[in-house]
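**Q** Following this message is one structure expressed as structure tokens.
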Amino acid sequence: MTINGNGGLQLQGRLRSLTRRFRFSPRRRQYCVLTSAVVVTLLALGVIGYILTGMHYCFDVLVEWKISKICNQYYSNEITGYMCPELCAGDTISEYHCPQVKRKTEYPFNSNRFLARKAQQYLVVKHAVPDASYEKLSWVDSHRQEEHYPTESEYVGIVRRYIELRYNIQLPFDKLNSLLKLKNKNNHILFHASMRNSWNLIQNNEYLLSRLYEEKEIFPQVIGTCGDLFITELLDTVEFDERRYHFTNHIDLSKWRYHLKVAVLILDYLEDMSQNRFQMCSVLLAGFGISDSRMKYHDLRYISTEVSIDRRLSDGRWCTTDDDCSYHDCRSRCNATIHQCTTGLLNNNLQIVCEKIFRGTAAEPGILVTEKSPNRLLRILERCARPISRSDVDTSRPWGASKTLKKQLYNELTGIYEQLASSIYA
């Protein structure tokens with residue numbers, strides 16, 4: 001069991017006695033109904049902990065319970081998915097765990113994602129829970145009280161229009177068919193379940209972007225699905241020592257060189273984002289990870305197309321300050337005359353990364369702010385985080401950092417990296 005927040009030992013002791021009674025078959029995970037007392041206790045502990053400490057709690061027993069519930073739906077033909085047999089058999093994919101949160105710079109716990117082990121490899125299991133914008137696929141005949149679904153061709157058209165409206169992307173039908181992968185077309189019950197599960201996943205931003213751009217290798221690879229669950233690769237963590245700001249010996253210089261390498265990989269990743277016109281609206285160092293020597297970002301909840309972000313920020317909602325028109329790190333401006341958000345995105349990915357990851361703050365310096373950082377680099381970081389001059393400002397985003405500034409930063413980082421190599425291995 002993993003607990004985030006203080007008071008973990010007391011909670012852990014109480015839960016041990018509660019969870020000993022519940023065992024899940026590794027061969028076939030039948031749905032296990034927790035007693036109302038246990039559920040109420042767990043929920044109460046989580047709610048109280050959130051109110052008192054502002055933290056979330058994760059319990060492995062609830063992760064197991066969620067998997068058991070999904071598998072029970074699979075066995076009763078309510079859901080389908082290519083990964084369901086592996087997920088529910090227990091001998092291929094097993095050992096479900098809450099994610100470990102070691103540093104306050106990591107993303108807060110999300111109850112809809114957890115870890116699982118397949119052979120010697122760990123995977124990420126994500127639950128595509130519907131949000132406020134969720135739309136149902138089926139409809140009920142008020143006279144006969146029968147549930148109706150669109151035909152396969154109608155459903156393909158629905159998905160195609162949905163993606164076009166949300167992301168301004170027109171998909172060819174062969175790409176759509178590859179994305180949907182509907183199955184059991186000769187069995188109405190299973191086919192409707194497959195269509196329903198597909199629609200739930202399509203409306204999840206993380207799943208959809210990962211699938212649409214899987215050949216670009218910029219998002220975590222989707223390995224398979226089961227109902228509303230989808231399984232992705234687990235990225236190798238970008239590890240930094242919390243005492244990373246003071247480098248004195250050869251070992252520390254190697255760490256400093258590692259910082260520079262990661263920063264260059266992040267800049268390369270931002271180039272991929274720019275080429276595909278993606279905007280990152282919540283950026284944390286722990287969000288970055290490496291897969292086959294490529295930098296990726298594991299949490300896609302706050303990543304979308306620039307068109308989608310522009311539309312979101314300029315939706316005309318009421319505002320009194322610029323913060324009212326912003327979305328996490330994506331900033332916009334409040335129209336002071338009509339008090340409405342009418343302006344699109346004003347900053348860009350490079351500005352956000354320079355401000356939050358590379359430069360940081362006085363209390364929490366970024367990965368490029370150390371005792372070994374040359375003044376020239378620090379000045380570039382300051383200009384990147386707060387671009388003012390014409391050459392430093394992006395032509396399309398007045399609060400964003402320019403490509404010219406990015407090139408200067410890239411050259412500075414690679415130059416320092418090569419100098420360190422010669423001094424360390426001399």
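Residue numbers start at 1 in each chain; chains themselves are named A, B, ... in the order of the structure tokens; ligands are numbered from 1 in the order shown.
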Enumerate as a list in words all residues of segment 208-262 of chain A assigned to strand (DSSP E) by DSSP on the backbone, naming them with the chain letters and numbers the document uses.

**A**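 Listing strand (DSSP E) positions across segment 208-262 of chain A yields Val222, Ile223, Gly224, Thr225, Cys226, Leu229, Phe230, Ile231, Thr232, Glu233, Asp236 and Thr237 of chain A.
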
**Q** Since we have the selection now, will you write its residues out, keeping all heavy atoms, as a JSON list (two decimals), in the first residue's frame?

**A**
```json
[["chain", "number", "residue", "atom", "x", "y", "z"],
["A", 222, "VAL", "N", 0.59, 3.21, -26.40],
["A", 222, "VAL", "CA", -0.55, 2.45, -25.88],
["A", 222, "VAL", "C", -0.36, 0.99, -26.26],
["A", 222, "VAL", "O", -0.24, 0.64, -27.43],
["A", 222, "VAL", "CB", -1.88, 2.98, -26.46],
["A", 222, "VAL", "CG1", -3.04, 2.09, -26.00],
["A", 222, "VAL", "CG2", -2.12, 4.41, -26.00],
["A", 223, "ILE", "N", -0.32, 0.12, -25.26],
["A", 223, "ILE", "CA", -0.06, -1.31, -25.48],
["A", 223, "ILE", "C", -1.35, -2.07, -25.70],
["A", 223, "ILE", "O", -1.39, -3.03, -26.47],
["A", 223, "ILE", "CB", 0.73, -1.88, -24.29],
["A", 223, "ILE", "CG1", 2.07, -1.15, -24.17],
["A", 223, "ILE", "CG2", 0.94, -3.37, -24.44],
["A", 223, "ILE", "CD1", 2.83, -1.47, -22.92],
["A", 224, "GLY", "N", -2.44, -1.67, -25.05],
["A", 224, "GLY", "CA", -3.71, -2.36, -25.21],
["A", 224, "GLY", "C", -4.79, -1.73, -24.36],
["A", 224, "GLY", "O", -4.54, -0.79, -23.60],
["A", 225, "THR", "N", -6.02, -2.26, -24.49],
["A", 225, "THR", "CA", -7.16, -1.73, -23.76],
["A", 225, "THR", "C", -8.00, -2.86, -23.19],
["A", 225, "THR", "O", -7.94, -4.00, -23.66],
["A", 225, "THR", "CB", -8.06, -0.86, -24.67],
["A", 225, "THR", "OG1", -8.67, -1.70, -25.67],
["A", 225, "THR", "CG2", -7.26, 0.23, -25.36],
["A", 226, "CYS", "N", -8.78, -2.52, -22.17],
["A", 226, "CYS", "CA", -9.77, -3.43, -21.61],
["A", 226, "CYS", "C", -10.89, -2.57, -21.06],
["A", 226, "CYS", "O", -10.72, -1.94, -20.01],
["A", 226, "CYS", "CB", -9.17, -4.32, -20.53],
["A", 226, "CYS", "SG", -10.39, -5.43, -19.75],
["A", 229, "LEU", "N", -10.23, 0.90, -19.52],
["A", 229, "LEU", "CA", -8.82, 0.95, -19.15],
["A", 229, "LEU", "C", -7.95, 0.91, -20.41],
["A", 229, "LEU", "O", -8.27, 0.21, -21.37],
["A", 229, "LEU", "CB", -8.44, -0.23, -18.25],
["A", 229, "LEU", "CG", -9.15, -0.37, -16.91],
["A", 229, "LEU", "CD1", -8.62, -1.60, -16.19],
["A", 229, "LEU", "CD2", -8.97, 0.87, -16.05],
["A", 230, "PHE", "N", -6.85, 1.65, -20.38],
["A", 230, "PHE", "CA", -5.85, 1.49, -21.43],
["A", 230, "PHE", "C", -4.48, 1.43, -20.78],
["A", 230, "PHE", "O", -4.21, 2.11, -19.78],
["A", 230, "PHE", "CB", -5.94, 2.57, -22.50],
["A", 230, "PHE", "CG", -5.74, 3.99, -22.03],
["A", 230, "PHE", "CD1", -4.53, 4.65, -22.26],
["A", 230, "PHE", "CD2", -6.76, 4.68, -21.40],
["A", 230, "PHE", "CE1", -4.35, 5.96, -21.84],
["A", 230, "PHE", "CE2", -6.59, 6.00, -20.99],
["A", 230, "PHE", "CZ", -5.38, 6.64, -21.22],
["A", 231, "ILE", "N", -3.62, 0.59, -21.34],
["A", 231, "ILE", "CA", -2.31, 0.30, -20.76],
["A", 231, "ILE", "C", -1.24, 0.94, -21.63],
["A", 231, "ILE", "O", -1.24, 0.79, -22.86],
["A", 231, "ILE", "CB", -2.08, -1.22, -20.65],
["A", 231, "ILE", "CG1", -3.10, -1.85, -19.70],
["A", 231, "ILE", "CG2", -0.68, -1.51, -20.15],
["A", 231, "ILE", "CD1", -4.33, -2.39, -20.39],
["A", 232, "THR", "N", -0.32, 1.66, -21.00],
["A", 232, "THR", "CA", 0.76, 2.32, -21.73],
["A", 232, "THR", "C", 2.12, 1.91, -21.17],
["A", 232, "THR", "O", 2.21, 1.34, -20.08],
["A", 232, "THR", "CB", 0.65, 3.86, -21.66],
["A", 232, "THR", "OG1", 0.98, 4.30, -20.33],
["A", 232, "THR", "CG2", -0.76, 4.33, -22.00],
["A", 233, "GLU", "N", 3.15, 2.21, -21.92],
["A", 233, "GLU", "CA", 4.51, 1.97, -21.44],
["A", 233, "GLU", "C", 4.81, 2.89, -20.26],
["A", 233, "GLU", "O", 4.23, 3.98, -20.13],
["A", 233, "GLU", "CB", 5.52, 2.23, -22.56],
["A", 233, "GLU", "CG", 5.56, 3.67, -23.02],
["A", 233, "GLU", "CD", 6.64, 3.94, -24.05],
["A", 233, "GLU", "OE1", 7.68, 3.27, -24.00],
["A", 233, "GLU", "OE2", 6.46, 4.85, -24.89],
["A", 236, "ASP", "N", 11.12, 5.76, -18.41],
["A", 236, "ASP", "CA", 12.22, 5.81, -17.45],
["A", 236, "ASP", "C", 12.27, 7.21, -16.83],
["A", 236, "ASP", "O", 12.28, 8.22, -17.53],
["A", 236, "ASP", "CB", 13.56, 5.51, -18.13],
["A", 236, "ASP", "CG", 13.65, 4.06, -18.58],
["A", 236, "ASP", "OD1", 12.96, 3.21, -17.99],
["A", 236, "ASP", "OD2", 14.38, 3.79, -19.55],
["A", 237, "THR", "N", 12.30, 7.25, -15.52],
["A", 237, "THR", "CA", 12.25, 8.52, -14.80],
["A", 237, "THR", "C", 13.52, 9.33, -15.02],
["A", 237, "THR", "O", 14.62, 8.81, -15.05],
["A", 237, "THR", "CB", 12.06, 8.27, -13.29],
["A", 237, "THR", "OG1", 10.92, 7.46, -13.09],
["A", 237, "THR", "CG2", 11.89, 9.58, -12.54]]
```

**Q** Quick one: everything within 7 Å of Ser138 of chain A, counting only C-alpha atoms, minus sequence neighbours fewer than 3 positions away in the same chain. Send it as an mmCIF file with C-alpha atoms, in the first residue's frame.

**A**
```cif
data_model
loop_
_atom_site.group_PDB
_atom_site.id
_atom_site.type_symbol
_atom_site.label_atom_id
_atom_site.label_comp_id
_atom_site.auth_asym_id
_atom_site.auth_seq_id
_atom_site.Cartn_x
_atom_site.Cartn_y
_atom_site.Cartn_z
ATOM 1 C CA GLU A 147 -31.365 1.118 -26.147
ATOM 2 C CA HIS A 148 -30.196 1.961 -29.654
ATOM 3 C CA TYR A 149 -26.683 2.271 -31.071
#
```

**Q** Just checking: using only C-alpha atoms, which residue out of A:Val124, A:Lys185, A:Leu235, A:Ser178 ends up closest to Arg211 of chain A?

**A**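 Ranking A:Val124, A:Lys185, A:Leu235, A:Ser178 by distance to Arg211 of chain A, first place goes to A:Ser178.
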
**Q** Neighbours of segment 400-403 of chain A within 8 Å (only C-alpha atoms; same-chain residues fewer than 4 positions away dropped), as a list in words?

**A**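 Final neighbour list, sorted by chain and number: Leu346, Asn347, Asn348, Asn349, Leu350, Gln351, Cys384, Ala385, Arg386, Pro387, Ser391, Asp392, Val393, Asp394, Thr395 and Lys407 of chain A.
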
**Q** Which neighbours of Gly81 of chain A fall inside 12 Å, counting only C-alpha atoms, when residues of the same chain fewer than 6 positions from it are skipped, and could you give them as a ChimeraX atom specification?

**A** /A:70-71,73-75,87-88,180-184,190-191,193-198,201,223-231

**Q** Those selected residues, please, written with N, CA and C atoms and delivered as a PDB file, in the first residue's frame.

**A**
```pdb
ATOM      1  N   ILE A  70     -13.579  -4.390 -13.101  1.00  0.00           N
ATOM      2  CA  ILE A  70     -13.446  -4.378 -14.556  1.00  0.00           C
ATOM      3  C   ILE A  70     -13.502  -5.801 -15.104  1.00  0.00           C
ATOM      4  N   CYS A  71     -12.801  -6.711 -14.456  1.00  0.00           N
ATOM      5  CA  CYS A  71     -12.751  -8.090 -14.948  1.00  0.00           C
ATOM      6  C   CYS A  71     -14.094  -8.789 -14.792  1.00  0.00           C
ATOM      7  N   GLN A  73     -16.901  -7.314 -15.192  1.00  0.00           N
ATOM      8  CA  GLN A  73     -17.655  -6.810 -16.341  1.00  0.00           C
ATOM      9  C   GLN A  73     -17.228  -7.513 -17.621  1.00  0.00           C
ATOM     10  N   TYR A  74     -15.954  -7.844 -17.717  1.00  0.00           N
ATOM     11  CA  TYR A  74     -15.471  -8.559 -18.895  1.00  0.00           C
ATOM     12  C   TYR A  74     -16.064  -9.971 -18.957  1.00  0.00           C
ATOM     13  N   TYR A  75     -16.058 -10.667 -17.820  1.00  0.00           N
ATOM     14  CA  TYR A  75     -16.588 -12.026 -17.793  1.00  0.00           C
ATOM     15  C   TYR A  75     -18.089 -12.068 -18.052  1.00  0.00           C
ATOM     16  N   LEU A  87      -5.126  -9.137 -18.697  1.00  0.00           N
ATOM     17  CA  LEU A  87      -5.327  -8.333 -17.495  1.00  0.00           C
ATOM     18  C   LEU A  87      -6.043  -9.134 -16.410  1.00  0.00           C
ATOM     19  N   CYS A  88      -6.973  -9.970 -16.818  1.00  0.00           N
ATOM     20  CA  CYS A  88      -7.827 -10.653 -15.848  1.00  0.00           C
ATOM     21  C   CYS A  88      -7.358 -12.053 -15.492  1.00  0.00           C
ATOM     22  N   LEU A 180     -10.191   2.617 -34.259  1.00  0.00           N
ATOM     23  CA  LEU A 180     -11.368   2.072 -33.576  1.00  0.00           C
ATOM     24  C   LEU A 180     -11.214   0.595 -33.244  1.00  0.00           C
ATOM     25  N   LYS A 181     -10.793  -0.224 -34.213  1.00  0.00           N
ATOM     26  CA  LYS A 181     -10.603  -1.662 -33.993  1.00  0.00           C
ATOM     27  C   LYS A 181     -11.825  -2.311 -33.354  1.00  0.00           C
ATOM     28  N   LEU A 182     -12.981  -2.102 -33.957  1.00  0.00           N
ATOM     29  CA  LEU A 182     -14.208  -2.729 -33.449  1.00  0.00           C
ATOM     30  C   LEU A 182     -14.164  -4.235 -33.706  1.00  0.00           C
ATOM     31  N   LYS A 183     -14.735  -5.010 -32.799  1.00  0.00           N
ATOM     32  CA  LYS A 183     -14.678  -6.461 -32.899  1.00  0.00           C
ATOM     33  C   LYS A 183     -16.042  -7.066 -32.585  1.00  0.00           C
ATOM     34  N   ASN A 184     -16.164  -8.388 -32.800  1.00  0.00           N
ATOM     35  CA  ASN A 184     -17.398  -9.143 -32.516  1.00  0.00           C
ATOM     36  C   ASN A 184     -18.596  -8.554 -33.271  1.00  0.00           C
ATOM     37  N   LEU A 190     -21.848  -8.040 -27.795  1.00  0.00           N
ATOM     38  CA  LEU A 190     -20.416  -7.770 -27.694  1.00  0.00           C
ATOM     39  C   LEU A 190     -19.995  -6.622 -28.613  1.00  0.00           C
ATOM     40  N   PHE A 191     -20.648  -6.522 -29.788  1.00  0.00           N
ATOM     41  CA  PHE A 191     -20.299  -5.447 -30.705  1.00  0.00           C
ATOM     42  C   PHE A 191     -20.669  -4.086 -30.123  1.00  0.00           C
ATOM     43  N   ALA A 193     -20.908  -3.454 -26.942  1.00  0.00           N
ATOM     44  CA  ALA A 193     -19.964  -3.236 -25.840  1.00  0.00           C
ATOM     45  C   ALA A 193     -18.636  -2.714 -26.382  1.00  0.00           C
ATOM     46  N   SER A 194     -18.179  -3.294 -27.507  1.00  0.00           N
ATOM     47  CA  SER A 194     -16.930  -2.850 -28.125  1.00  0.00           C
ATOM     48  C   SER A 194     -17.044  -1.406 -28.597  1.00  0.00           C
ATOM     49  N   MET A 195     -18.183  -1.047 -29.186  1.00  0.00           N
ATOM     50  CA  MET A 195     -18.398   0.306 -29.656  1.00  0.00           C
ATOM     51  C   MET A 195     -18.467   1.285 -28.482  1.00  0.00           C
ATOM     52  N   ARG A 196     -19.147   0.874 -27.423  1.00  0.00           N
ATOM     53  CA  ARG A 196     -19.284   1.734 -26.239  1.00  0.00           C
ATOM     54  C   ARG A 196     -17.921   1.974 -25.582  1.00  0.00           C
ATOM     55  N   ASN A 197     -17.131   0.907 -25.450  1.00  0.00           N
ATOM     56  CA  ASN A 197     -15.797   1.062 -24.865  1.00  0.00           C
ATOM     57  C   ASN A 197     -14.911   1.943 -25.735  1.00  0.00           C
ATOM     58  N   SER A 198     -14.993   1.754 -27.041  1.00  0.00           N
ATOM     59  CA  SER A 198     -14.208   2.561 -27.973  1.00  0.00           C
ATOM     60  C   SER A 198     -14.562   4.039 -27.837  1.00  0.00           C
ATOM     61  N   LEU A 201     -13.115   5.618 -24.690  1.00  0.00           N
ATOM     62  CA  LEU A 201     -11.683   5.862 -24.822  1.00  0.00           C
ATOM     63  C   LEU A 201     -11.403   7.033 -25.765  1.00  0.00           C
ATOM     64  N   ILE A 223      -0.323   0.116 -25.256  1.00  0.00           N
ATOM     65  CA  ILE A 223      -0.064  -1.305 -25.476  1.00  0.00           C
ATOM     66  C   ILE A 223      -1.351  -2.073 -25.699  1.00  0.00           C
ATOM     67  N   GLY A 224      -2.438  -1.672 -25.047  1.00  0.00           N
ATOM     68  CA  GLY A 224      -3.713  -2.363 -25.211  1.00  0.00           C
ATOM     69  C   GLY A 224      -4.788  -1.729 -24.364  1.00  0.00           C
ATOM     70  N   THR A 225      -6.015  -2.257 -24.492  1.00  0.00           N
ATOM     71  CA  THR A 225      -7.160  -1.729 -23.761  1.00  0.00           C
ATOM     72  C   THR A 225      -7.996  -2.865 -23.189  1.00  0.00           C
ATOM     73  N   CYS A 226      -8.777  -2.518 -22.174  1.00  0.00           N
ATOM     74  CA  CYS A 226      -9.772  -3.433 -21.614  1.00  0.00           C
ATOM     75  C   CYS A 226     -10.891  -2.569 -21.058  1.00  0.00           C
ATOM     76  N   GLY A 227     -12.024  -2.531 -21.762  1.00  0.00           N
ATOM     77  CA  GLY A 227     -13.104  -1.669 -21.325  1.00  0.00           C
ATOM     78  C   GLY A 227     -12.659  -0.220 -21.350  1.00  0.00           C
ATOM     79  N   ASP A 228     -12.816   0.469 -20.219  1.00  0.00           N
ATOM     80  CA  ASP A 228     -12.402   1.872 -20.099  1.00  0.00           C
ATOM     81  C   ASP A 228     -10.948   2.018 -19.677  1.00  0.00           C
ATOM     82  N   LEU A 229     -10.230   0.904 -19.523  1.00  0.00           N
ATOM     83  CA  LEU A 229      -8.820   0.950 -19.153  1.00  0.00           C
ATOM     84  C   LEU A 229      -7.953   0.907 -20.407  1.00  0.00           C
ATOM     85  N   PHE A 230      -6.847   1.648 -20.381  1.00  0.00           N
ATOM     86  CA  PHE A 230      -5.849   1.489 -21.432  1.00  0.00           C
ATOM     87  C   PHE A 230      -4.477   1.433 -20.782  1.00  0.00           C
ATOM     88  N   ILE A 231      -3.620   0.592 -21.338  1.00  0.00           N
ATOM     89  CA  ILE A 231      -2.314   0.303 -20.761  1.00  0.00           C
ATOM     90  C   ILE A 231      -1.239   0.938 -21.627  1.00  0.00           C
TER      91      ILE A 231
END
```

**Q** Restricting the calculation to only C-alpha atoms, which member of A:Glu135, A:Leu368, A:Ile93, A:Gly287 is positioned closest to Leu115 of chain A?

**A**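 For Leu115 of chain A, the nearest of the given residues is A:Ile93.
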
**Q** For each of A:Asp268, A:Met273, A:Val283, A:Asn177, take the minimum atom-to-atom distance to Met295 of chain A, counting only C-alpha atoms, then give the residue where this is smallest.

**A** A:Asp268

**Q** Considering only C-alpha atoms, state which residue in the set A:Gly90, A:Pro365, A:Gly157, A:Pro220 is at the smallest distance from Tyr207 of chain A.

**A** A:Pro220

**Q** Please return, as JSON, numbers by chain, all residues of segment 177-321 of chain A that DSSP assigns to alpha helix (DSSP H) on the basis of the backbone.

**A** {"A": [177, 178, 179, 180, 188, 189, 190, 191, 192, 193, 194, 195, 196, 197, 198, 199, 200, 201, 202, 205, 206, 207, 208, 209, 210, 211, 212, 250, 251, 252, 253, 254, 255, 256, 257, 258, 259, 260, 261, 262, 263, 264, 265, 266, 267, 268, 269, 270, 271, 272, 273, 274, 275, 306, 307, 308, 309, 310, 311, 312, 313]}

**Q** Would you list the contacts of Glu164 of chain A as JSON, numbers by chain, taking every protein, DNA or RNA residue within 12 Å and counting only C-alpha atoms, but skipping same-chain residues closer than 6 positions in sequence?

**A** {"A": [157, 158, 170, 171, 172, 176, 305, 307, 308]}

**Q** Mind dumping the selected residues with C-alpha atoms as a compact mmCIF listing (two decimals), in the first residue's frame?

**A**
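That gives us part.txt:
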```
# COMPACT_ATOMS: atom_id res chain seq x y z
CA GLY A 157 -18.64 9.24 -39.01
CA ILE A 158 -19.39 10.33 -35.43
CA GLN A 170 -9.25 15.42 -40.53
CA LEU A 171 -8.49 11.71 -40.37
CA PRO A 172 -8.65 9.43 -43.42
CA LEU A 176 -10.03 5.80 -38.32
CA THR A 305 -3.51 21.07 -30.16
CA VAL A 307 -6.21 25.28 -32.02
CA SER A 308 -8.00 23.56 -29.14
```

**Q** Could you name the residues that touch Gly316 of chain A at 6 Å or less, counting only C-alpha atoms, but leaving out those on the same chain fewer than 3 positions away, as a list of chain:residue names?

**A**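 Selected residues are A:Gln340, A:Cys341, A:Thr342.
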
**Q** With N, CA and C atoms retained, export the selected residues as a JSON list (two decimals), in the first residue's frame.

**A**
```json
[["chain", "number", "residue", "atom", "x", "y", "z"],
["A", 340, "GLN", "N", -14.46, 39.84, -20.53],
["A", 340, "GLN", "CA", -14.61, 38.52, -21.10],
["A", 340, "GLN", "C", -13.26, 38.02, -21.62],
["A", 341, "CYS", "N", -13.11, 36.70, -21.64],
["A", 341, "CYS", "CA", -11.90, 36.09, -22.20],
["A", 341, "CYS", "C", -12.09, 35.95, -23.71],
["A", 342, "THR", "N", -11.44, 36.78, -24.45],
["A", 342, "THR", "CA", -11.61, 36.78, -25.91],
["A", 342, "THR", "C", -10.29, 36.59, -26.65]]
```

**Q** Nearest residue to Tyr269 of chain A out of A:Phe173, A:Trp256, A:Tyr297, A:Trp65, using only C-alpha atoms?

**A**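 Between A:Phe173, A:Trp256, A:Tyr297, A:Trp65, the residue approaching Tyr269 of chain A most closely is A:Tyr297.
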